[in-house]
$ cat entry.txt   # compact mmCIF, C-alpha atoms
# COMPACT_ATOMS: atom_id res chain seq x y z
CA MET A 215 14.19 -12.77 11.23
CA LYS A 216 11.46 -15.41 10.97
CA GLU A 217 12.15 -16.60 14.50
CA ILE A 218 12.05 -13.04 15.86
CA LEU A 219 8.66 -12.34 14.26
CA GLU A 220 7.24 -15.47 15.90
CA GLN A 221 8.31 -14.37 19.39
CA PRO A 222 5.59 -13.27 21.89
CA GLY A 223 4.41 -9.73 21.29
CA PHE A 224 4.15 -6.72 23.59
CA LEU A 225 0.67 -5.34 22.84
CA ALA A 226 -1.44 -8.39 23.69
CA SER A 227 -0.61 -11.55 25.61
CA SER A 228 -1.55 -13.74 22.65
CA GLY A 229 0.10 -11.58 20.00
CA THR A 230 3.35 -12.18 18.16
CA MET A 231 6.21 -9.77 17.65
CA GLY A 232 5.52 -9.70 13.91
CA ALA A 233 1.81 -8.96 14.35
CA ASP A 234 2.45 -6.23 16.93
CA VAL A 235 5.15 -4.49 14.90
CA SER A 236 3.00 -4.75 11.77
CA TYR A 237 0.01 -3.17 13.50
CA LEU A 238 2.05 -0.37 15.09
CA LEU A 239 3.68 0.49 11.76
CA ALA A 240 0.28 0.50 10.07
CA LEU A 241 -0.83 2.98 12.74
CA VAL A 242 2.29 5.12 12.32
CA PHE A 243 2.06 5.24 8.52
CA THR A 244 -1.63 6.14 8.63
CA LEU A 245 -0.96 8.96 11.10
CA LEU A 246 1.90 10.26 8.94
CA PHE A 247 -0.34 10.34 5.88
CA LEU A 248 -3.05 12.14 7.84
CA VAL A 249 -0.54 14.72 9.08
CA ALA A 250 0.70 15.20 5.51
CA TRP A 251 -2.90 15.67 4.39
CA ARG A 252 -3.32 18.30 7.11
CA PHE A 253 -0.29 20.14 5.74
CA ALA A 254 -1.91 20.10 2.30
CA LYS A 255 -5.17 21.47 3.72
CA LYS A 256 -3.19 24.34 5.28
CA SER A 257 -1.47 24.99 1.90
CA GLU A 258 1.92 23.99 3.32
CA GLY A 259 2.95 22.25 0.11
CA THR A 260 6.63 21.70 0.88
CA LYS A 261 5.94 20.05 4.26
CA HIS A 262 3.24 17.93 2.65
CA HIS A 263 5.55 16.94 -0.21
CA LYS A 264 8.48 15.96 2.03
CA LEU A 265 6.42 14.04 4.59
CA ILE A 266 4.52 12.08 1.93
CA LEU A 267 7.77 11.21 0.16
CA VAL A 268 9.49 9.99 3.36
CA SER A 269 6.37 8.09 4.48
CA MET A 270 5.96 6.39 1.11
CA VAL A 271 9.59 5.28 0.86
CA SER A 272 9.52 3.99 4.46
CA MET A 273 6.26 2.12 3.85
CA VAL A 274 7.62 0.44 0.72
CA ILE A 275 10.80 -0.64 2.56
CA TYR A 276 8.67 -2.02 5.40
CA PHE A 277 6.35 -3.97 3.10
CA VAL A 278 9.23 -5.45 1.11
CA ALA A 279 11.12 -6.49 4.26
CA TYR A 280 7.99 -7.84 5.94
CA TYR A 281 6.92 -9.82 2.87
CA TYR A 282 10.41 -11.26 2.49
CA ALA A 283 10.57 -12.28 6.15
CA ARG A 284 7.09 -13.77 6.43
CA GLN A 285 6.63 -14.91 2.84
CA LEU A 286 2.83 -14.84 2.71
CA GLY A 287 2.13 -11.89 4.96
CA VAL A 288 0.33 -11.30 8.22
CA LEU A 289 -1.44 -14.65 8.50
CA SER A 290 1.22 -16.86 6.96
CA PHE A 291 2.05 -18.47 10.30
CA GLU A 292 -1.34 -18.24 11.98
CA GLY A 293 -3.66 -19.38 9.17
CA LYS A 294 -7.09 -20.46 10.37
CA GLU A 295 -5.53 -21.99 13.47
CA GLY A 296 -4.59 -18.47 14.51
CA PHE A 297 -8.27 -17.64 15.08
CA GLY A 298 -9.73 -19.08 18.27
CA GLY A 299 -13.36 -17.99 17.89
CA PRO A 300 -16.45 -19.86 16.65
CA GLN A 301 -16.58 -21.02 13.05
CA GLU A 302 -19.63 -18.83 12.42
CA VAL A 303 -17.75 -15.71 13.52
CA TYR A 304 -14.74 -16.78 11.46
CA ASP A 305 -16.83 -17.21 8.31
CA ASN A 306 -19.20 -14.26 8.70
CA VAL A 307 -17.09 -11.63 10.47
CA PHE A 308 -13.37 -12.36 10.45
CA ILE A 309 -12.96 -13.45 6.80
CA PRO A 310 -15.09 -10.56 5.38
CA THR A 311 -13.14 -8.08 7.54
CA LEU A 312 -9.79 -9.52 6.49
CA THR A 313 -10.82 -9.63 2.82
CA THR A 314 -11.97 -6.01 2.97
CA HIS A 315 -8.68 -5.08 4.63
CA LEU A 316 -6.60 -6.77 1.91
CA VAL A 317 -8.64 -5.12 -0.86
CA LEU A 318 -8.22 -1.72 0.81
CA VAL A 319 -4.47 -2.27 1.25
CA THR A 320 -4.15 -3.09 -2.44
CA LEU A 321 -6.15 -0.01 -3.43
CA GLY A 322 -4.24 2.12 -0.93
CA LEU A 323 -0.85 1.07 -2.29
CA ILE A 324 -1.94 1.66 -5.87
CA MET A 325 -3.35 5.09 -5.05
CA ALA A 326 -0.36 6.02 -2.90
CA PHE A 327 2.06 5.33 -5.76
CA TYR A 328 -0.21 7.12 -8.20
CA MET A 329 -0.67 10.16 -5.96
CA LEU A 330 3.07 10.41 -5.34
CA ILE A 331 3.85 10.48 -9.06
CA GLU A 332 0.88 12.70 -9.87
CA GLY A 333 1.91 15.08 -7.10
CA PHE A 334 5.32 15.66 -8.70
CA ARG A 335 3.69 16.26 -12.08
CA ALA A 336 0.94 18.54 -10.78
CA SER A 337 3.14 20.79 -8.64
CA GLU A 338 5.75 23.48 -9.13
CA LYS A 339 8.07 25.47 -6.93
CA VAL A 340 7.00 29.04 -6.23
CA ASN A 341 9.52 31.07 -4.21
CA GLY A 342 11.10 27.85 -2.99
CA GLU A 343 7.80 26.31 -1.90
CA TYR A 344 5.87 23.51 -3.59
CA ALA A 345 2.38 24.43 -4.79
CA LEU A 346 -0.17 22.81 -7.07
CA LYS A 347 -0.46 24.35 -10.52
CA ALA A 348 -3.76 24.65 -12.36
CA GLY A 349 -4.14 23.39 -15.92
CA ASP A 350 -4.63 20.19 -17.89
CA LEU A 351 -2.30 17.38 -16.91
CA LYS A 352 -2.04 14.57 -19.45
CA VAL A 353 0.36 11.85 -20.52
CA SER A 354 1.03 11.77 -24.25
CA ALA A 355 0.14 8.58 -26.13
CA LYS A 356 3.80 8.10 -27.07
CA THR A 357 5.01 8.39 -23.47
CA PHE A 358 2.28 6.04 -22.28
CA LYS A 359 3.28 3.37 -24.82
CA ILE A 360 6.98 3.71 -23.95
CA VAL A 361 6.29 3.31 -20.23
CA MET A 362 4.01 0.28 -20.73
CA LEU A 363 6.47 -1.41 -23.09
CA THR A 364 9.28 -0.77 -20.59
CA ILE A 365 7.27 -2.41 -17.80
CA ILE A 366 6.54 -5.43 -20.01
CA ALA A 367 10.21 -5.70 -21.03
CA LEU A 368 11.40 -5.52 -17.41
CA TRP A 369 8.88 -8.19 -16.43
CA GLY A 370 10.14 -10.41 -19.27
CA VAL A 371 13.79 -10.01 -18.26
CA ASN A 372 12.91 -10.69 -14.62
CA GLN A 373 10.91 -13.76 -15.62
CA ILE A 374 13.85 -15.17 -17.60
CA PHE A 375 16.15 -14.53 -14.62
CA LEU A 376 13.75 -16.27 -12.23
CA THR A 377 13.35 -19.27 -14.50
CA ALA A 378 16.85 -19.75 -15.90
CA VAL A 379 19.03 -18.54 -13.01
CA ARG A 380 17.09 -18.89 -9.77
CA HIS A 381 14.87 -21.78 -10.88
CA ALA A 382 12.09 -20.13 -8.89
CA SER A 383 8.76 -21.80 -8.20
CA MET A 384 5.53 -20.94 -9.98
CA GLY A 385 4.34 -19.10 -6.86
CA VAL A 386 7.34 -16.76 -6.99
CA SER A 387 6.77 -16.10 -10.68
CA ILE A 388 3.10 -15.32 -10.05
CA ALA A 389 4.02 -12.98 -7.19
CA TRP A 390 6.42 -11.03 -9.44
CA ALA A 391 3.84 -10.95 -12.21
CA LEU A 392 1.36 -9.41 -9.78
CA ILE A 393 3.94 -6.80 -8.76
CA PHE A 394 4.63 -5.76 -12.35
CA GLY A 395 0.90 -5.94 -13.08
CA THR A 396 0.26 -3.54 -10.21
CA VAL A 397 2.83 -1.11 -11.59
CA ALA A 398 1.18 -1.31 -15.01
CA LEU A 399 -2.22 -0.72 -13.38
CA VAL A 400 -0.92 2.40 -11.64
CA VAL A 401 0.27 3.74 -15.01
CA SER A 402 -3.02 2.80 -16.69
CA ILE A 403 -5.05 4.65 -14.08
CA GLU A 404 -3.72 7.93 -15.40
CA LYS A 405 -5.29 7.56 -18.85
CA GLY A 406 -8.74 7.00 -17.41
CA ILE A 407 -8.60 9.60 -14.66
CA GLU A 408 -7.21 12.39 -16.85
CA LYS A 409 -10.39 12.25 -18.93
CA LEU A 410 -12.61 12.66 -15.86
CA LEU A 411 -10.40 15.19 -14.07
CA PRO A 412 -8.21 16.97 -16.64
CA ASP A 413 -7.07 19.74 -14.27
CA GLY A 414 -4.04 18.44 -12.39
CA ALA A 415 -4.48 20.50 -9.21
CA ARG A 416 -8.18 19.64 -8.84
CA ARG A 417 -7.43 15.98 -9.58
CA HIS A 418 -4.78 15.84 -6.86
CA ARG A 419 -7.07 17.39 -4.26
CA ILE A 420 -10.08 15.16 -5.01
CA LEU A 421 -8.10 11.93 -5.26
CA GLY A 422 -6.07 12.91 -2.21
CA ARG A 423 -9.23 13.02 -0.09
CA GLY A 424 -10.29 9.63 -1.42
CA THR A 425 -6.87 8.14 -0.70
CA MET A 426 -6.94 9.42 2.88
CA ILE A 427 -10.37 7.83 3.38
CA ILE A 428 -8.95 4.52 2.12
CA PHE A 429 -6.03 4.72 4.57
CA GLY A 430 -8.43 5.50 7.40
CA LEU A 431 -10.49 2.42 6.53
CA ILE A 432 -7.30 0.35 6.32
CA LEU A 433 -6.47 1.29 9.91
CA ILE A 434 -10.01 0.45 11.07
CA THR A 435 -10.03 -2.99 9.41
CA SER A 436 -6.45 -3.65 10.57
CA THR A 437 -7.46 -2.85 14.15
CA ALA A 438 -10.53 -5.07 13.91
CA THR A 439 -8.46 -7.96 12.51
CA TYR A 440 -5.80 -7.59 15.22
CA LEU A 441 -8.38 -7.44 18.01
CA MET A 442 -10.21 -10.55 16.78
CA LEU A 443 -6.98 -12.54 16.40
CA TYR A 444 -5.15 -11.59 19.57
CA VAL A 445 -7.59 -10.01 22.02
CA ILE A 446 -11.18 -11.20 21.52
CA TYR A 447 -10.66 -14.66 19.98
CA PRO A 448 -7.05 -15.72 20.64
CA VAL A 449 -6.06 -19.36 20.38
CA LYS A 450 -6.22 -20.92 23.84
$ encode --input "entry.txt" --output "structure tokens"
Amino acid sequence: MKEILEQPGFLASSGTMGADVSYLLALVFTLLFLVAWRFAKKSEGTKHHKLILVSMVSMVIYFVAYYYARQLGVLSFEGKEGFGGPQEVYDNVFIPTLTTHLVLVTLGLIMAFYMLIEGFRASEKVNGEYALKAGDLKVSAKTFKIVMLTIIALWGVNQIFLTAVRHASMGVSIAWALIFGTVALVVSIEKGIEKLLPDGARRHRILGRGTMIIFGLILITSTATYLMLYVIYPVK
């Protein structure tokens, strides 16, 4: 897989197969989310629900496979040597754009998971069709504690397995800690947001718009990063 991802790409002469596939999938996932949002705007709840669910599962599978294959992500092979432009552009344009992109991706993944779970909780089936239901939507203190303790317990078991069985490196342990930390953060978001937006239906609509804006910005920064790496400033 690693060798395949390093092969010459098909979108730009300087691109790699991994970079091109990654960019195209980012484009596809963004478009799918936007179409799903359009379904929601037209009150087609079932279509919105199914498309979001399929898109989310596909995106998670893609990210897991891509991370496993390339270890450190998009720039793991290129590093700084993958950027052929001036140092000033690298420091003042490329790095800020890439940093913004990574922050947006993190926020987008967190919000996507949250919105998926919140969507199930805030909806109901009416005559066979999904629709948002009005009313307060809260997680009880007991349920919240159980979920958080479960996440901590799973992280502990996984950490023991990594250390005692796989003899994994510190980097691997940190990566898994960040994954479980992200899951815990998604759960924690609910307690803060439910105080600001107690009505589940209104919460889903408002946060849905914000999430779509984030995904739009992800596509913009992803496009800018790809263009700078493989079109405007490729390594000669």
$ residues_around --input "entry.txt" --residues "stretch 270-275 of chain A" --least-positions-apart "3" --cutoff "12 Å" --atoms "only C-alpha atoms" --output "PyMOL selection string"
chain A and resi 236+239-244+246-247+250+262-267+278-282+319+322-331
$ residues_around --input "entry.txt" --residues "stretch 370-376 of chain A" --least-positions-apart "2" --cutoff "10 Å" --atoms "all atoms listed in the file" --output "PyMOL selection string"
chain A and resi 364-368+378-384+386-388+390-391+394
$ residues_around --input "entry.txt" --residues "A:Tyr444" --least-positions-apart "3" --cutoff "10 Å" --atoms "only C-alpha atoms" --output "number ranges by chain"
A: 223, 225-230, 233-234, 296-298, 439-441, 447-449
$ closest_residue --input "entry.txt" --among "A:Ser354, A:Arg419, A:Lys409, A:Ala389" --to "A:Trp369" --atoms "only C-alpha atoms"
A:Ala389
$ residues_near_point --input "entry.txt" --point "(-6.5, 19.5, -14.2)" --cutoff "10 Å" --atoms "all atoms listed in the file" --output "list in words"
Ala336, Lys347, Ala348, Gly349, Asp350, Leu351, Lys352, Glu408, Lys409, Leu410, Leu411, Pro412, Asp413, Gly414, Ala415, Arg416, Arg417 and His418 of chain A
$ residues_around --input "entry.txt" --residues "A:Ala398" --least-positions-apart "3" --cutoff "9 Å" --atoms "only C-alpha atoms" --output "list in words"
Val361, Met362, Ile365, Ile366, Ile393, Phe394, Gly395, Val401, Ser402 and Ile403 of chain A
$ atom_distance --input "entry.txt" --atom1 "atom CA of A:Gly430" --atom2 "atom CA of A:Gly299"
26.2 Å
$ closest_residue --input "entry.txt" --among "A:Phe334, A:Phe224, A:Tyr304, A:Tyr344" --to "A:Thr260" --atoms "only C-alpha atoms"
A:Tyr344
$ atom_distance --input "entry.txt" --atom1 "atom CA of A:Met426" --atom2 "atom CA of A:Leu248"
6.9 Å
$ atom_distance --input "entry.txt" --atom1 "atom CA of A:Ile407" --atom2 "atom CA of A:Leu431"
22.5 Å
$ closest_residue --input "entry.txt" --among "A:Leu321, A:Leu399, A:Val340, A:Ala345" --to "A:Gly424" --atoms "all atoms listed in the file"
A:Leu321
$ closest_residue --input "entry.txt" --among "A:Thr357, A:Lys450, A:Val397, A:Gly422" --to "A:Glu332" --atoms "all atoms listed in the file"
A:Gly422
